[in-house]
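Undergrad: data_19.tsv is reproduced in full below (TSV, C-alpha atoms (C1' of nucleotides)).
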chain	number	residue	atom	x	y	z
A	1	MET	CA	-4.75	-0.06	-2.71
A	2	ARG	CA	-5.48	2.15	-5.63
A	3	ILE	CA	-6.64	5.67	-6.40
A	4	SER	CA	-9.84	5.50	-8.46
A	5	THR	CA	-10.16	7.32	-11.77
A	6	ARG	CA	-12.96	9.32	-10.17
A	7	SER	CA	-10.52	10.78	-7.64
A	8	ARG	CA	-7.80	11.28	-10.20
A	9	TYR	CA	-10.00	13.04	-12.73
A	10	GLY	CA	-11.85	14.96	-10.05
A	11	LEU	CA	-8.74	16.30	-8.36
A	12	ARG	CA	-7.19	17.33	-11.66
A	13	ALA	CA	-10.39	19.11	-12.63
A	14	VAL	CA	-10.47	20.98	-9.34
A	15	VAL	CA	-6.82	22.03	-9.70
A	16	GLU	CA	-7.60	23.17	-13.24
A	17	LEU	CA	-10.49	25.30	-11.98
A	18	ALA	CA	-8.20	26.81	-9.34
A	19	ILE	CA	-5.53	27.68	-11.90
A	20	GLU	CA	-7.94	29.24	-14.37
A	21	GLY	CA	-9.82	31.10	-11.67
A	22	ARG	CA	-12.85	31.62	-13.92
A	23	PRO	CA	-15.97	29.63	-14.76
A	24	MET	CA	-15.17	26.75	-17.09
A	25	LEU	CA	-17.60	24.75	-19.18
A	26	LEU	CA	-17.80	21.02	-18.58
A	27	LYS	CA	-16.98	20.61	-22.25
A	28	GLU	CA	-13.77	22.59	-21.89
A	29	ILE	CA	-12.59	20.67	-18.83
A	30	SER	CA	-13.48	17.32	-20.33
A	31	GLY	CA	-11.50	18.30	-23.43
A	32	ARG	CA	-8.41	19.21	-21.42
A	33	LEU	CA	-8.57	16.15	-19.19
A	34	LYS	CA	-9.51	13.90	-22.11
A	35	VAL	CA	-12.37	12.40	-20.13
A	36	SER	CA	-15.87	12.03	-21.58
A	37	MET	CA	-18.32	14.78	-20.61
A	38	LYS	CA	-20.76	12.15	-19.40
A	39	TYR	CA	-18.31	10.64	-16.96
A	40	LEU	CA	-17.12	14.02	-15.76
A	41	ASP	CA	-20.77	15.02	-15.29
A	42	HIS	CA	-21.05	12.22	-12.73
A	43	ILE	CA	-17.89	13.24	-10.95
A	44	PHE	CA	-18.96	16.89	-10.90
A	45	SER	CA	-22.34	16.04	-9.45
A	46	SER	CA	-20.55	14.43	-6.48
A	47	LEU	CA	-18.22	17.40	-6.13
A	48	LYS	CA	-21.19	19.73	-6.24
A	49	ARG	CA	-23.08	17.73	-3.62
A	50	ALA	CA	-19.97	17.96	-1.41
A	51	GLY	CA	-19.94	21.74	-1.80
A	52	ILE	CA	-16.60	21.83	-3.58
A	53	ILE	CA	-17.76	23.27	-6.88
A	54	ARG	CA	-20.88	25.03	-8.07
A	55	SER	CA	-22.31	25.85	-11.44
A	56	ILE	CA	-22.94	29.35	-12.70
A	57	LYS	CA	-26.51	29.73	-13.85
A	58	SER	CA	-27.01	28.93	-17.51
A	59	HIS	CA	-24.18	28.21	-19.89
A	60	SER	CA	-21.44	29.77	-17.85
A	61	GLY	CA	-19.87	26.65	-16.45
A	62	TYR	CA	-18.39	25.61	-13.14
A	63	VAL	CA	-16.32	27.36	-10.50
A	64	LEU	CA	-14.91	26.37	-7.12
A	65	SER	CA	-17.40	27.21	-4.42
A	66	LYS	CA	-14.67	28.30	-1.97
A	67	ARG	CA	-11.26	29.84	-2.25
A	68	PRO	CA	-8.63	27.24	-3.32
A	69	SER	CA	-6.87	27.67	0.03
A	70	LYS	CA	-10.06	26.52	1.78
A	71	ILE	CA	-10.43	23.26	-0.16
A	72	LYS	CA	-8.24	20.27	0.69
A	73	ALA	CA	-7.34	17.35	-1.54
A	74	ILE	CA	-8.80	15.07	1.11
A	75	ASP	CA	-12.20	16.76	0.69
A	76	VAL	CA	-12.15	15.84	-2.99
A	77	ILE	CA	-11.08	12.26	-2.35
A	78	LYS	CA	-13.67	11.80	0.38
A	79	ALA	CA	-16.38	13.14	-1.94
A	80	LEU	CA	-15.36	10.83	-4.76
A	81	GLU	CA	-14.34	7.53	-3.22
A	82	GLY	CA	-14.13	7.79	0.54
A	83	LEU	CA	-11.17	6.94	2.74
A	84	SER	CA	-12.25	3.89	4.66
A	85	PHE	CA	-9.23	1.61	4.78
A	86	VAL	CA	-10.87	-0.89	7.10
A	87	ASP	CA	-14.25	-0.78	8.82
A	88	CYS	CA	-12.91	-1.63	12.29
A	89	ILE	CA	-11.49	1.88	12.73
A	90	GLU	CA	-14.80	3.70	12.30
A	91	SER	CA	-16.87	0.85	13.79
A	92	PRO	CA	-14.81	-1.04	16.38
A	93	GLN	CA	-17.88	-3.03	17.41
A	94	ILE	CA	-17.83	-5.07	14.20
A	95	CYS	CA	-14.68	-6.94	15.30
A	96	ASN	CA	-14.07	-8.28	18.79
A	97	ARG	CA	-10.31	-7.92	18.22
A	98	ALA	CA	-10.56	-4.17	17.61
A	99	GLY	CA	-8.67	-2.32	20.32
A	100	SER	CA	-6.35	-5.24	20.94
A	101	CYS	CA	-5.16	-5.97	17.42
A	102	ALA	CA	-1.70	-5.13	16.10
A	103	THR	CA	-2.91	-4.96	12.50
A	104	GLN	CA	-5.57	-2.44	13.49
A	105	VAL	CA	-2.80	-0.32	14.99
A	106	LEU	CA	-1.05	-0.44	11.63
A	107	TRP	CA	-4.19	0.48	9.68
A	108	LYS	CA	-4.71	3.43	12.02
A	109	ARG	CA	-1.17	4.66	11.42
A	110	LEU	CA	-1.74	4.27	7.70
A	111	LYS	CA	-4.93	6.27	7.85
A	112	GLY	CA	-3.11	8.93	9.84
A	113	VAL	CA	-0.29	9.52	7.38
A	114	VAL	CA	-2.53	9.35	4.34
A	115	GLU	CA	-4.84	11.96	5.83
A	116	LYS	CA	-1.84	14.12	6.63
A	117	ILE	CA	-0.53	14.00	3.07
A	118	LEU	CA	-3.96	14.66	1.61
A	119	ASP	CA	-4.40	17.63	3.95
A	120	ILE	CA	-2.94	19.83	1.24
A	121	SER	CA	-4.99	22.70	-0.15
A	122	ILE	CA	-5.98	23.10	-3.77
A	123	LYS	CA	-4.12	26.41	-3.70
A	124	GLU	CA	-0.88	24.62	-2.87
A	125	LEU	CA	-1.50	22.08	-5.62
A	126	ALA	CA	-2.27	24.85	-8.09
A	127	ASP	CA	0.99	26.58	-7.14
A	128	ILE	CA	2.90	23.36	-7.75
A	129	GLN	CA	1.14	22.97	-11.08
A	130	ARG	CA	1.94	26.52	-12.17
A	131	LYS	CA	5.62	25.98	-11.47
A	132	LEU	CA	5.58	22.70	-13.39
A	133	ASN	CA	3.86	24.42	-16.31
A	134	VAL	CA	6.61	27.06	-16.53
A	135	ARG	CA	9.27	24.39	-16.29
A	136	SER	CA	7.81	22.22	-19.01
A	137	LYS	CA	7.24	25.27	-21.23
A	138	ASN	CA	10.91	26.24	-20.91
A	139	MET	CA	11.96	22.71	-21.72
A	140	TYR	CA	11.33	23.43	-25.40
A	141	TYR	CA	14.12	26.01	-25.42
A	142	ILE	CA	16.80	23.89	-23.82
B	143	MET	CA	-8.83	3.47	-1.03
B	144	ARG	CA	-9.31	0.32	0.91
B	145	ILE	CA	-7.34	-2.58	2.37
B	146	SER	CA	-8.57	-5.84	0.84
B	147	THR	CA	-9.66	-8.74	3.03
B	148	ARG	CA	-6.83	-10.73	1.48
B	149	SER	CA	-4.30	-8.31	2.96
B	150	ARG	CA	-6.09	-8.07	6.28
B	151	TYR	CA	-6.47	-11.82	6.76
B	152	GLY	CA	-3.00	-12.49	5.37
B	153	LEU	CA	-1.23	-10.03	7.65
B	154	ARG	CA	-3.07	-11.27	10.71
B	155	ALA	CA	-2.17	-14.85	9.84
B	156	VAL	CA	1.49	-13.94	9.43
B	157	VAL	CA	1.54	-12.11	12.78
B	158	GLU	CA	-0.13	-15.14	14.35
B	159	LEU	CA	2.58	-17.43	12.95
B	160	ALA	CA	5.24	-15.07	14.32
B	161	ILE	CA	3.72	-15.06	17.79
B	162	GLU	CA	3.28	-18.82	17.98
B	163	GLY	CA	6.72	-19.48	16.52
B	164	ARG	CA	5.81	-23.06	15.62
B	165	PRO	CA	4.19	-24.77	12.63
B	166	MET	CA	0.45	-24.17	12.57
B	167	LEU	CA	-2.15	-26.08	10.61
B	168	LEU	CA	-4.27	-24.17	8.13
B	169	LYS	CA	-7.27	-25.44	10.04
B	170	GLU	CA	-6.02	-23.95	13.28
B	171	ILE	CA	-5.28	-20.55	11.76
B	172	SER	CA	-8.58	-20.43	9.88
B	173	GLY	CA	-10.32	-21.23	13.15
B	174	ARG	CA	-8.61	-18.40	15.02
B	175	LEU	CA	-9.11	-15.87	12.25
B	176	LYS	CA	-12.64	-17.08	11.56
B	177	VAL	CA	-11.93	-17.27	7.84
B	178	SER	CA	-12.82	-20.32	5.75
B	179	MET	CA	-9.97	-22.74	5.12
B	180	LYS	CA	-10.64	-22.53	1.40
B	181	TYR	CA	-10.18	-18.78	1.28
B	182	LEU	CA	-7.13	-18.87	3.52
B	183	ASP	CA	-5.71	-21.59	1.26
B	184	HIS	CA	-5.77	-19.05	-1.58
B	185	ILE	CA	-4.13	-16.38	0.50
B	186	PHE	CA	-1.48	-18.79	1.75
B	187	SER	CA	-0.64	-19.91	-1.75
B	188	SER	CA	0.19	-16.29	-2.64
B	189	LEU	CA	2.22	-15.87	0.55
B	190	LYS	CA	4.08	-19.06	-0.23
B	191	ARG	CA	4.81	-17.99	-3.80
B	192	ALA	CA	6.19	-14.72	-2.38
B	193	GLY	CA	8.51	-16.66	-0.08
B	194	ILE	CA	6.90	-15.38	3.11
B	195	ILE	CA	5.66	-18.69	4.49
B	196	ARG	CA	6.39	-22.31	3.72
B	197	SER	CA	4.70	-25.56	4.58
B	198	ILE	CA	6.25	-28.32	6.62
B	199	LYS	CA	6.07	-31.61	4.80
B	200	SER	CA	3.08	-33.75	5.67
B	201	HIS	CA	0.51	-32.66	8.22
B	202	SER	CA	2.73	-30.31	10.11
B	203	GLY	CA	1.36	-27.00	8.89
B	204	TYR	CA	2.86	-23.67	7.97
B	205	VAL	CA	5.73	-21.58	9.31
B	206	LEU	CA	7.29	-18.28	8.34
B	207	SER	CA	10.09	-18.90	5.89
B	208	LYS	CA	12.29	-16.16	7.40
B	209	ARG	CA	12.76	-14.66	10.83
B	210	PRO	CA	9.91	-12.23	11.70
B	211	SER	CA	12.40	-9.34	11.78
B	212	LYS	CA	13.22	-10.04	8.13
B	213	ILE	CA	9.63	-9.87	6.87
B	214	LYS	CA	7.94	-6.50	6.40
B	215	ALA	CA	4.21	-5.76	6.35
B	216	ILE	CA	4.72	-4.26	2.91
B	217	ASP	CA	5.97	-7.62	1.60
B	218	VAL	CA	2.71	-9.20	2.69
B	219	ILE	CA	0.56	-6.44	1.16
B	220	LYS	CA	2.51	-6.52	-2.09
B	221	ALA	CA	2.09	-10.28	-2.29
B	222	LEU	CA	-1.65	-10.08	-1.66
B	223	GLU	CA	-2.93	-6.98	-3.42
B	224	GLY	CA	-0.08	-4.87	-4.74
B	225	LEU	CA	0.57	-1.21	-4.02
B	226	SER	CA	-0.01	0.55	-7.31
B	227	PHE	CA	-1.82	3.77	-6.44
B	228	VAL	CA	-1.68	5.12	-9.99
B	229	ASP	CA	0.03	3.71	-13.07
B	230	CYS	CA	1.76	6.97	-14.03
B	231	ILE	CA	4.33	6.56	-11.25
B	232	GLU	CA	5.65	3.21	-12.43
B	233	SER	CA	5.00	3.93	-16.14
B	234	PRO	CA	5.28	7.68	-16.78
B	235	GLN	CA	5.01	7.08	-20.54
B	236	ILE	CA	1.32	6.25	-20.28
B	237	CYS	CA	0.43	9.88	-19.52
B	238	ASN	CA	1.92	12.88	-21.30
B	239	ARG	CA	1.34	14.97	-18.17
B	240	ALA	CA	3.52	12.72	-16.01
B	241	GLY	CA	6.50	14.68	-14.77
B	242	SER	CA	4.67	17.98	-14.98
B	243	CYS	CA	1.50	17.17	-13.04
B	244	ALA	CA	0.73	18.42	-9.55
B	245	THR	CA	-1.56	15.51	-8.80
B	246	GLN	CA	1.18	13.06	-9.74
B	247	VAL	CA	3.41	14.83	-7.20
B	248	LEU	CA	0.72	14.21	-4.60
B	249	TRP	CA	0.31	10.52	-5.52
B	250	LYS	CA	4.08	10.10	-5.25
B	251	ARG	CA	4.09	11.61	-1.76
B	252	LEU	CA	1.24	9.33	-0.82
B	253	LYS	CA	3.08	6.28	-2.06
B	254	GLY	CA	6.12	7.41	-0.11
B	255	VAL	CA	4.45	7.71	3.27
B	256	VAL	CA	2.40	4.54	2.84
B	257	GLU	CA	5.52	2.57	2.00
B	258	LYS	CA	7.24	4.07	5.03
B	259	ILE	CA	4.46	3.05	7.41
B	260	LEU	CA	4.25	-0.44	5.93
B	261	ASP	CA	8.00	-0.83	6.28
B	262	ILE	CA	7.42	-2.34	9.70
B	263	SER	CA	8.63	-5.85	10.43
B	264	ILE	CA	6.43	-8.73	11.48
B	265	LYS	CA	8.55	-8.94	14.62
B	266	GLU	CA	7.52	-5.40	15.57
B	267	LEU	CA	3.87	-6.20	14.87
B	268	ALA	CA	4.10	-9.38	16.92
B	269	ASP	CA	5.61	-7.39	19.82
B	270	ILE	CA	2.74	-4.93	19.63
B	271	GLN	CA	0.27	-7.81	19.57
B	272	ARG	CA	1.87	-9.50	22.59
B	273	LYS	CA	1.56	-6.31	24.61
B	274	LEU	CA	-2.05	-5.89	23.57
B	275	ASN	CA	-2.77	-9.50	24.55
B	276	VAL	CA	-1.42	-8.91	28.05
B	277	ARG	CA	-3.38	-5.70	28.37
B	278	SER	CA	-6.67	-7.23	27.25
B	279	LYS	CA	-6.08	-10.24	29.50
B	280	ASN	CA	-5.62	-7.94	32.50
B	281	MET	CA	-8.76	-6.04	31.61
B	282	TYR	CA	-10.81	-8.82	33.16
B	283	TYR	CA	-9.35	-8.06	36.56
B	284	ILE	CA	-9.97	-4.36	36.60
C	285	DT	C1'	-39.01	29.88	-28.32
C	286	DA	C1'	-34.68	28.00	-29.79
C	287	DT	C1'	-30.52	26.81	-27.71
C	288	DA	C1'	-26.61	25.38	-25.41
C	289	DA	C1'	-25.54	24.21	-21.43
C	290	DT	C1'	-26.25	21.71	-16.83
C	291	DT	C1'	-28.58	18.12	-14.30
C	292	DC	C1'	-31.05	13.85	-13.31
C	293	DT	C1'	-32.17	8.94	-13.64
C	294	DA	C1'	-31.26	4.70	-15.43
C	295	DT	C1'	-28.61	1.27	-17.45
C	296	DT	C1'	-24.71	-1.38	-18.89
C	297	DA	C1'	-19.91	-2.94	-19.05
C	298	DA	C1'	-15.78	-4.24	-17.09
C	299	DA	C1'	-12.77	-5.28	-13.50
C	300	DA	C1'	-11.50	-6.49	-9.02
C	301	DT	C1'	-12.48	-8.87	-4.90
C	302	DA	C1'	-14.34	-12.53	-2.23
C	303	DA	C1'	-15.56	-16.98	-1.68
C	304	DT	C1'	-16.59	-21.90	-2.66
C	305	DA	C1'	-16.02	-26.61	-4.76
C	306	DG	C1'	-13.76	-30.59	-5.77
C	307	DA	C1'	-10.03	-33.24	-7.13
C	308	DA	C1'	-4.99	-34.22	-6.97
C	309	DT	C1'	-0.97	-34.73	-4.41
C	310	DT	C1'	1.98	-35.66	-0.63
C	311	DG	C1'	4.50	-38.21	2.75
C	312	DG	C1'	4.29	-40.38	7.10
C	313	DT	C1'	2.46	-44.25	9.42
C	314	DA	C1'	-0.56	-48.11	10.76
D	315	DT	C1'	1.13	-50.91	0.70
D	316	DA	C1'	-2.99	-48.73	1.62
D	317	DC	C1'	-4.90	-45.28	4.38
D	318	DC	C1'	-5.20	-40.73	6.13
D	319	DA	C1'	-5.12	-36.03	7.03
D	320	DA	C1'	-3.21	-32.47	5.50
D	321	DT	C1'	-1.59	-29.31	1.68
D	322	DT	C1'	-2.03	-27.85	-3.03
D	323	DC	C1'	-4.01	-27.03	-7.59
D	324	DT	C1'	-7.50	-25.73	-10.96
D	325	DA	C1'	-11.83	-24.10	-11.89
D	326	DT	C1'	-15.93	-21.81	-11.10
D	327	DT	C1'	-19.20	-18.61	-9.19
D	328	DA	C1'	-20.92	-14.66	-6.63
D	329	DT	C1'	-20.65	-10.11	-5.16
D	330	DT	C1'	-19.21	-5.59	-5.12
D	331	DT	C1'	-17.02	-1.71	-6.89
D	332	DT	C1'	-15.58	1.09	-10.50
D	333	DA	C1'	-16.08	2.94	-14.96
D	334	DA	C1'	-18.62	4.50	-18.54
D	335	DT	C1'	-22.62	5.51	-21.58
D	336	DA	C1'	-27.45	6.92	-22.87
D	337	DG	C1'	-31.16	9.78	-23.01
D	338	DA	C1'	-34.38	12.80	-21.26
D	339	DA	C1'	-35.46	16.86	-18.29
D	340	DT	C1'	-34.42	21.30	-16.88
D	341	DT	C1'	-32.80	25.93	-16.99
D	342	DA	C1'	-31.94	30.82	-17.97
D	343	DT	C1'	-31.27	33.81	-21.57
D	344	DA	C1'	-30.40	35.65	-26.10
As structure tokens, how would this structure be written, given the file I've shared?
TA:
Amino acid sequence: MRISTRSRYGLRAVVELAIEGRPMLLKEISGRLKVSMKYLDHIFSSLKRAGIIRSIKSHSGYVLSKRPSKIKAIDVIKALEGLSFVDCIESPQICNRAGSCATQVLWKRLKGVVEKILDISIKELADIQRKLNVRSKNMYYI
Amino acid sequence: MRISTRSRYGLRAVVELAIEGRPMLLKEISGRLKVSMKYLDHIFSSLKRAGIIRSIKSHSGYVLSKRPSKIKAIDVIKALEGLSFVDCIESPQICNRAGSCATQVLWKRLKGVVEKILDISIKELADIQRKLNVRSKNMYYI
DNA sequence: TATAATTCTATTAAAATAATAGAATTGGTA
DNA sequence: TACCAATTCTATTATTTTAATAGAATTATA
């Protein structure tokens, strides 16, 4: 069980866009995240297809396509790697044990709590990030 | 984010051993789970190394090496695929953002709830399975 | 029309997961 | 003691997923 780099980079990029609140060039974001533009291009094309970000016509960069409070972390993860722990939850017909299987019960619980945790908005994440930024800035003066 | 077949097969096998409460041959378990003996052999060697199961000398099969109440689902998962969502939780030094990163906060929460859900004993899972067995047996008579 | 960016399509590389093959070992028992 | 049926070990291969790069096409405008 691992979070892919796609999800990690993608979510950080989206939080970055929320904090800046202005169009940002791919180049700028890739510089901050220290991820190649080419790879981020891929990630952004998925985010765009999912309606999470959009590009401003010609040279002006990317912005969130909705308000940060309307985008959830889970939307980003689903767009970038999906959230299918096991197939027997979505498609019980593939396993004749589904519905009478203790491990399936466990996987369902797992899915439930993970979805709950990821049901956090980008606004909330941006707020957390802003506070952490202030904190780490002040650290220099301690 | 996905549960590997190793974890799925392994956990089911361990629950099976708990329910039967007697030594079971690899052949028997592989037959029930419909997984090749060769593949299950691999999985069992990891479970054995982790001290979850042990084999009875000569022809007698495998048993749990502790009481089902003393084995947690998370032990099985850790033995078979690990639980490292992102490296920056275990090794904050690999990322200079660690400690002041909103997404890291999220990954930590995720790790927390997943570990909590997987902190269920094999005894509890076996109890759930027994109830489901009764239920699905009775289904025929409805 | 030059340009600086996004966007699209294709390809490759690397890693993780899944599965198989075959031989070695083990210890009871015929 | 030799056989047997099982576990166990080592190696290999196949498949899938993830990660990353390359290059060309497109786009709106300065």
Undergrad: What would you get as a compact mmCIF listing (two decimals) with C-alpha atoms, in the frame of the given file if chain B were moved onto chain A by least squares over all of its C-alpha atoms in order?
TA:
# COMPACT_ATOMS: atom_id res chain seq x y z
CA MET B 143 -4.77 -0.04 -2.67
CA ARG B 144 -5.50 2.18 -5.58
CA ILE B 145 -6.68 5.69 -6.40
CA SER B 146 -9.89 5.51 -8.44
CA THR B 147 -10.20 7.33 -11.76
CA ARG B 148 -13.00 9.33 -10.18
CA SER B 149 -10.56 10.77 -7.65
CA ARG B 150 -7.82 11.28 -10.20
CA TYR B 151 -10.02 13.03 -12.75
CA GLY B 152 -11.87 14.95 -10.05
CA LEU B 153 -8.75 16.30 -8.38
CA ARG B 154 -7.21 17.32 -11.68
CA ALA B 155 -10.40 19.11 -12.65
CA VAL B 156 -10.48 20.98 -9.35
CA VAL B 157 -6.83 22.03 -9.71
CA GLU B 158 -7.61 23.17 -13.25
CA LEU B 159 -10.50 25.31 -11.99
CA ALA B 160 -8.20 26.81 -9.35
CA ILE B 161 -5.54 27.70 -11.90
CA GLU B 162 -7.95 29.25 -14.38
CA GLY B 163 -9.84 31.11 -11.66
CA ARG B 164 -12.85 31.64 -13.93
CA PRO B 165 -15.98 29.65 -14.78
CA MET B 166 -15.18 26.77 -17.10
CA LEU B 167 -17.60 24.77 -19.20
CA LEU B 168 -17.82 21.04 -18.61
CA LYS B 169 -16.98 20.63 -22.27
CA GLU B 170 -13.78 22.61 -21.91
CA ILE B 171 -12.61 20.69 -18.86
CA SER B 172 -13.49 17.32 -20.36
CA GLY B 173 -11.51 18.32 -23.43
CA ARG B 174 -8.41 19.22 -21.42
CA LEU B 175 -8.59 16.16 -19.21
CA LYS B 176 -9.52 13.91 -22.12
CA VAL B 177 -12.39 12.41 -20.15
CA SER B 178 -15.88 12.05 -21.60
CA MET B 179 -18.33 14.78 -20.64
CA LYS B 180 -20.77 12.14 -19.43
CA TYR B 181 -18.32 10.65 -16.97
CA LEU B 182 -17.13 14.04 -15.78
CA ASP B 183 -20.78 15.02 -15.32
CA HIS B 184 -21.05 12.21 -12.75
CA ILE B 185 -17.91 13.26 -10.97
CA PHE B 186 -18.98 16.90 -10.93
CA SER B 187 -22.35 16.05 -9.48
CA SER B 188 -20.59 14.44 -6.50
CA LEU B 189 -18.25 17.42 -6.15
CA LYS B 190 -21.22 19.75 -6.26
CA ARG B 191 -23.11 17.76 -3.64
CA ALA B 192 -20.00 17.98 -1.43
CA GLY B 193 -19.96 21.76 -1.82
CA ILE B 194 -16.61 21.84 -3.61
CA ILE B 195 -17.77 23.30 -6.92
CA ARG B 196 -20.90 25.05 -8.08
CA SER B 197 -22.34 25.88 -11.46
CA ILE B 198 -22.96 29.36 -12.74
CA LYS B 199 -26.51 29.75 -13.93
CA SER B 200 -27.02 29.17 -17.62
CA HIS B 201 -24.15 28.32 -19.94
CA SER B 202 -21.44 29.81 -17.84
CA GLY B 203 -19.87 26.65 -16.47
CA TYR B 204 -18.40 25.62 -13.15
CA VAL B 205 -16.33 27.38 -10.50
CA LEU B 206 -14.92 26.38 -7.14
CA SER B 207 -17.42 27.22 -4.45
CA LYS B 208 -14.70 28.31 -1.98
CA ARG B 209 -11.27 29.85 -2.26
CA PRO B 210 -8.64 27.24 -3.32
CA SER B 211 -6.88 27.66 0.04
CA LYS B 212 -10.06 26.51 1.77
CA ILE B 213 -10.44 23.26 -0.17
CA LYS B 214 -8.25 20.27 0.68
CA ALA B 215 -7.35 17.33 -1.56
CA ILE B 216 -8.83 15.07 1.09
CA ASP B 217 -12.23 16.76 0.67
CA VAL B 218 -12.17 15.86 -3.00
CA ILE B 219 -11.11 12.24 -2.37
CA LYS B 220 -13.72 11.81 0.36
CA ALA B 221 -16.40 13.15 -1.95
CA LEU B 222 -15.39 10.84 -4.78
CA GLU B 223 -14.36 7.54 -3.24
CA GLY B 224 -14.18 7.78 0.53
CA LEU B 225 -11.21 6.93 2.73
CA SER B 226 -12.28 3.88 4.68
CA PHE B 227 -9.23 1.62 4.80
CA VAL B 228 -10.85 -0.89 7.15
CA ASP B 229 -14.22 -0.78 8.89
CA CYS B 230 -12.86 -1.64 12.34
CA ILE B 231 -11.45 1.87 12.79
CA GLU B 232 -14.75 3.68 12.37
CA SER B 233 -16.83 0.83 13.87
CA PRO B 234 -14.73 -1.08 16.42
CA GLN B 235 -17.80 -3.08 17.48
CA ILE B 236 -17.77 -5.09 14.26
CA CYS B 237 -14.62 -6.97 15.32
CA ASN B 238 -13.99 -8.33 18.80
CA ARG B 239 -10.25 -7.95 18.23
CA ALA B 240 -10.50 -4.20 17.63
CA GLY B 241 -8.61 -2.37 20.34
CA SER B 242 -6.27 -5.28 20.94
CA CYS B 243 -5.08 -6.00 17.40
CA ALA B 244 -1.64 -5.16 16.07
CA THR B 245 -2.85 -4.97 12.50
CA GLN B 246 -5.52 -2.47 13.50
CA VAL B 247 -2.74 -0.34 15.01
CA LEU B 248 -1.00 -0.45 11.64
CA TRP B 249 -4.16 0.47 9.69
CA LYS B 250 -4.69 3.41 12.04
CA ARG B 251 -1.15 4.66 11.42
CA LEU B 252 -1.73 4.28 7.71
CA LYS B 253 -4.93 6.27 7.86
CA GLY B 254 -3.10 8.93 9.85
CA VAL B 255 -0.29 9.53 7.39
CA VAL B 256 -2.55 9.35 4.34
CA GLU B 257 -4.86 11.94 5.84
CA LYS B 258 -1.86 14.12 6.63
CA ILE B 259 -0.54 14.01 3.07
CA LEU B 260 -3.99 14.66 1.60
CA ASP B 261 -4.43 17.61 3.93
CA ILE B 262 -2.96 19.82 1.23
CA SER B 263 -5.00 22.69 -0.16
CA ILE B 264 -5.99 23.10 -3.78
CA LYS B 265 -4.13 26.41 -3.70
CA GLU B 266 -0.89 24.59 -2.87
CA LEU B 267 -1.53 22.06 -5.64
CA ALA B 268 -2.28 24.84 -8.10
CA ASP B 269 0.99 26.57 -7.14
CA ILE B 270 2.88 23.35 -7.75
CA GLN B 271 1.13 22.95 -11.09
CA ARG B 272 1.94 26.52 -12.16
CA LYS B 273 5.62 25.96 -11.46
CA LEU B 274 5.58 22.70 -13.38
CA ASN B 275 3.87 24.43 -16.31
CA VAL B 276 6.63 27.03 -16.49
CA ARG B 277 9.29 24.37 -16.25
CA SER B 278 7.81 22.20 -18.99
CA LYS B 279 7.28 25.26 -21.18
CA ASN B 280 10.96 26.18 -20.84
CA MET B 281 11.99 22.64 -21.66
CA TYR B 282 11.41 23.39 -25.33
CA TYR B 283 14.20 25.93 -25.29
CA ILE B 284 16.85 23.81 -23.70
Undergrad: Go through B:Val228, B:Ser146, B:Ala244, B:Met166 one by one, measure the shortest atom-to-atom distance of each to Arg196 in chain B using only C-alpha atoms, and give the residue with the smallest value.
TA: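 Closest candidate: B:Met166.
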Undergrad: Quick one: contact table of chain B to chain C, 12 Å max, nearest atom pair and distance in Å to one decimal per residue, counting all atoms listed in the file, chain and number order, as a tab-separated table?
TA:
residue	atom	partner	partner_atom	distance
B:Arg144	CA	C:DT301	C1'	11.3
B:Ile145	CA	C:DT301	C1'	10.9
B:Ser146	CA	C:DT301	C1'	7.6
B:Thr147	CA	C:DA302	C1'	8.0
B:Arg148	CA	C:DA302	C1'	8.6
B:Ser149	CA	C:DT301	C1'	11.4
B:Tyr151	CA	C:DA302	C1'	12.0
B:Val177	CA	C:DA303	C1'	10.2
B:Ser178	CA	C:DA303	C1'	8.6
B:Met179	CA	C:DT304	C1'	10.2
B:Lys180	CA	C:DT304	C1'	7.2
B:Tyr181	CA	C:DA303	C1'	6.4
B:Leu182	CA	C:DA303	C1'	10.1
B:Asp183	CA	C:DA303	C1'	11.3
B:His184	CA	C:DA303	C1'	10.0
B:Ile185	CA	C:DA302	C1'	11.2
B:Ser197	CA	C:DT310	C1'	11.7
B:Ile198	CA	C:DG311	C1'	10.8
B:Lys199	CA	C:DG311	C1'	7.1
B:Ser200	CA	C:DG311	C1'	5.5
B:His201	CA	C:DG312	C1'	8.7
B:Ser202	CA	C:DG312	C1'	10.6
B:Leu222	CA	C:DT301	C1'	11.4
B:Glu223	CA	C:DT301	C1'	9.8
Undergrad: Could you please determine the separation between CA of Arg150 in chain B and CA of Leu175 in chain B in Å, to one decimal place?
TA: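 About the pair CA of Arg150 in chain B and CA of Leu175 in chain B: they are 10.3 Å apart.
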Undergrad: Which of these residues is nearest to chain A, using all atoms listed in the file: D:DA339, D:DA344, D:DT332, D:DC317?
TA: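 Of D:DA339, D:DA344, D:DT332, D:DC317, the one nearest chain A is D:DT332, counting all atoms listed in the file.
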Undergrad: Distance table requested - chain A against chain B, cut-off 6 Å, only C-alpha atoms: one row per qualifying residue with the closest atom pair and its distance in Å to one decimal, ordered by chain and rising residue number, as a tab-separated table.
TA:
residue	atom	partner	partner_atom	distance
A:Met1	CA	B:Leu225	CA	5.6
A:Arg2	CA	B:Phe227	CA	4.1
A:Ile3	CA	B:Phe227	CA	5.2
A:Leu83	CA	B:Met143	CA	5.6
A:Ser84	CA	B:Arg144	CA	6.0
A:Phe85	CA	B:Arg144	CA	4.1
A:Ser100	CA	B:Leu274	CA	5.1
A:Ala102	CA	B:Gln271	CA	4.8
A:Leu125	CA	B:Ala244	CA	5.8
A:Ile128	CA	B:Ala244	CA	5.7
A:Gln129	CA	B:Ala244	CA	4.8
A:Leu132	CA	B:Ser242	CA	5.1
